[in-house]
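K.L.:
Below you'll find the structure I mean.
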Amino acid sequence: VQLQASGGGLVQAGGSLSLSCTASGRLFSSGAVGWFRQAPGKEREFVVGGNLNGARTYFADSVKGRFTISKDNAKNTVYLQMTSLKVEDTAVYYCAAAPLTFASMRAYYAGGNYRYWGQGTLVTVSS
């Protein structure tokens, strides 16, 4: 299974951007999906993750209320919609997936639990 992330770019603070993550196989019909990001000079951090089969989705506090996640089963694609972007949202964004859902909320936060990773797409938010 391969993941292809796209949609990054340059946007002004307060603006919006939508990222896409397309899987080569039918991965997003079940299992766990997540988005992570890594800002320059910083460690990778969790953004959002969940089981899109149900209503279990978890967001980092820093993006709660501004970011949403959705999927298109027909296109085998997961979207990360980002609104009210801030300069501190600047980072390379990575999508990740696993064939099975995780047993706990904490597990979605851990990048090591995801088997598949996209190549990353750069989001730059200017002031």
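Identifiers in the structure tokens: chain A, B, ... in order shown; residue index from 1 per chain; ligand index from 1 in order shown.
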I want to know what sits within 6 Å of Val87 of chain A, based on only C-alpha atoms, with residues of the same chain fewer than 2 positions away left out; could you give that as an NGL selection string?
P.N.:
:A and (89-90 or 125-126)
K.L.:
For Glu88 of chain A, work out the shell of residues within 10 Å, counting only C-alpha atoms and skipping chain neighbours fewer than 4 positions away, then give it as a PyMOL selection string.
P.N.:
chain A and resi 13+39+62+124-127
K.L.:
Give me the residues near segment 111-121 of chain A as a PyMOL selection string, where near means some atom within 10 Å (using only C-alpha atoms) and where sequence neighbours in that chain fewer than 6 positions away do not count.
P.N.:
chain A and resi 1-9+19-23+27+31-38+44-46+49+91-102
K.L.:
Quote the spacing between atom CA of Lys64 of chain A and atom CA of Leu80 of chain A in Å to one decimal place.
P.N.:
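A separation of 12.4 Å between them.
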K.L.:
Just to confirm, what's the straight-line distance from atom CA of Ser24 of chain A to atom CA of Asn76 of chain A in Å (one decimal)?
P.N.:
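For atom CA of Ser24 of chain A relative to atom CA of Asn76 of chain A, the distance reads 7.7 Å.
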K.L.:
Name the closest residue to Lys75 of chain A among the candidates A:Asn53, A:Ser29, A:Gln12, A:Ser18; distances are taken between atoms, counting only C-alpha atoms.
P.N.:
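Going through A:Asn53, A:Ser29, A:Gln12, A:Ser18 one by one, the smallest distance to Lys75 of chain A is for A:Ser29.
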K.L.:
Any idea what's packed within 10 Å of Asp61 of chain A, counting only C-alpha atoms, ignoring anything in its chain fewer than 4 positions away? Could you give it as a VMD selection string?
P.N.:
chain A and resid 46 to 48 65 to 66
K.L.:
DSSP on the backbone: which residues in segment 5-121 of chain A end up as helix (DSSP H, G or I)? Give the answer as a PyMOL selection string.
P.N.:
chain A and resi 73-75+87-89+105-109+111-113
K.L.:
Just asking: which residues within chain A are strand (DSSP E or B) according to DSSP, as a PyMOL selection string?
P.N.:
chain A and resi 3-6+9-12+17-23+32-38+45-51+56-59+67-72+77-82+91-98+116-117+121-126
K.L.:
Using only C-alpha atoms, determine which residues lie at most 6 Å from Met82 of chain A, disregarding the query and same-chain residues fewer than 5 positions distant; provide the list as an MDAnalysis selection string.
P.N.:
chainID A and resid 16:18 67
K.L.:
Store the residues picked out above in a file with N, CA, C and O atoms, as a short mmCIF file (atom, residue, chain, number, x, y, z; two decimals), in the first residue's frame.
P.N.:
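What ended up in selection_14.cif:
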data_model
loop_
_atom_site.label_atom_id
_atom_site.label_comp_id
_atom_site.auth_asym_id
_atom_site.auth_seq_id
_atom_site.Cartn_x
_atom_site.Cartn_y
_atom_site.Cartn_z
N SER A 16 -7.22 29.16 4.32
CA SER A 16 -7.59 27.74 4.39
C SER A 16 -6.82 26.95 3.34
O SER A 16 -6.40 27.50 2.31
N LEU A 17 -6.70 25.68 3.62
CA LEU A 17 -6.01 24.78 2.70
C LEU A 17 -6.53 23.38 2.94
O LEU A 17 -6.85 23.02 4.08
N SER A 18 -6.62 22.60 1.89
CA SER A 18 -7.07 21.22 2.02
C SER A 18 -6.00 20.28 1.50
O SER A 18 -5.54 20.43 0.37
N PHE A 67 -9.27 22.35 12.18
CA PHE A 67 -9.01 21.30 11.20
C PHE A 67 -10.12 20.25 11.27
O PHE A 67 -10.64 19.94 12.34
#
K.L.:
Have a look at atom CA of Ala103 of chain A and atom CA of Leu52 of chain A and let me know their distance in Å, one decimal.
P.N.:
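Separating atom CA of Ala103 of chain A from atom CA of Leu52 of chain A is a distance of 13.9 Å.
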K.L.:
Find the residues around Gly15 of chain A up to 8 Å (only C-alpha atoms counted), leave out those fewer than 5 positions away in its own chain, and share them as a compact mmCIF listing (two decimals) with C-alpha atoms, in the first residue's frame.
P.N.:
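Output below, filename out03.txt:
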# COMPACT_ATOMS: atom_id res chain seq x y z
CA THR A 83 -8.98 26.66 8.27
CA SER A 84 -7.92 29.73 10.22
CA LEU A 85 -4.34 28.80 9.54
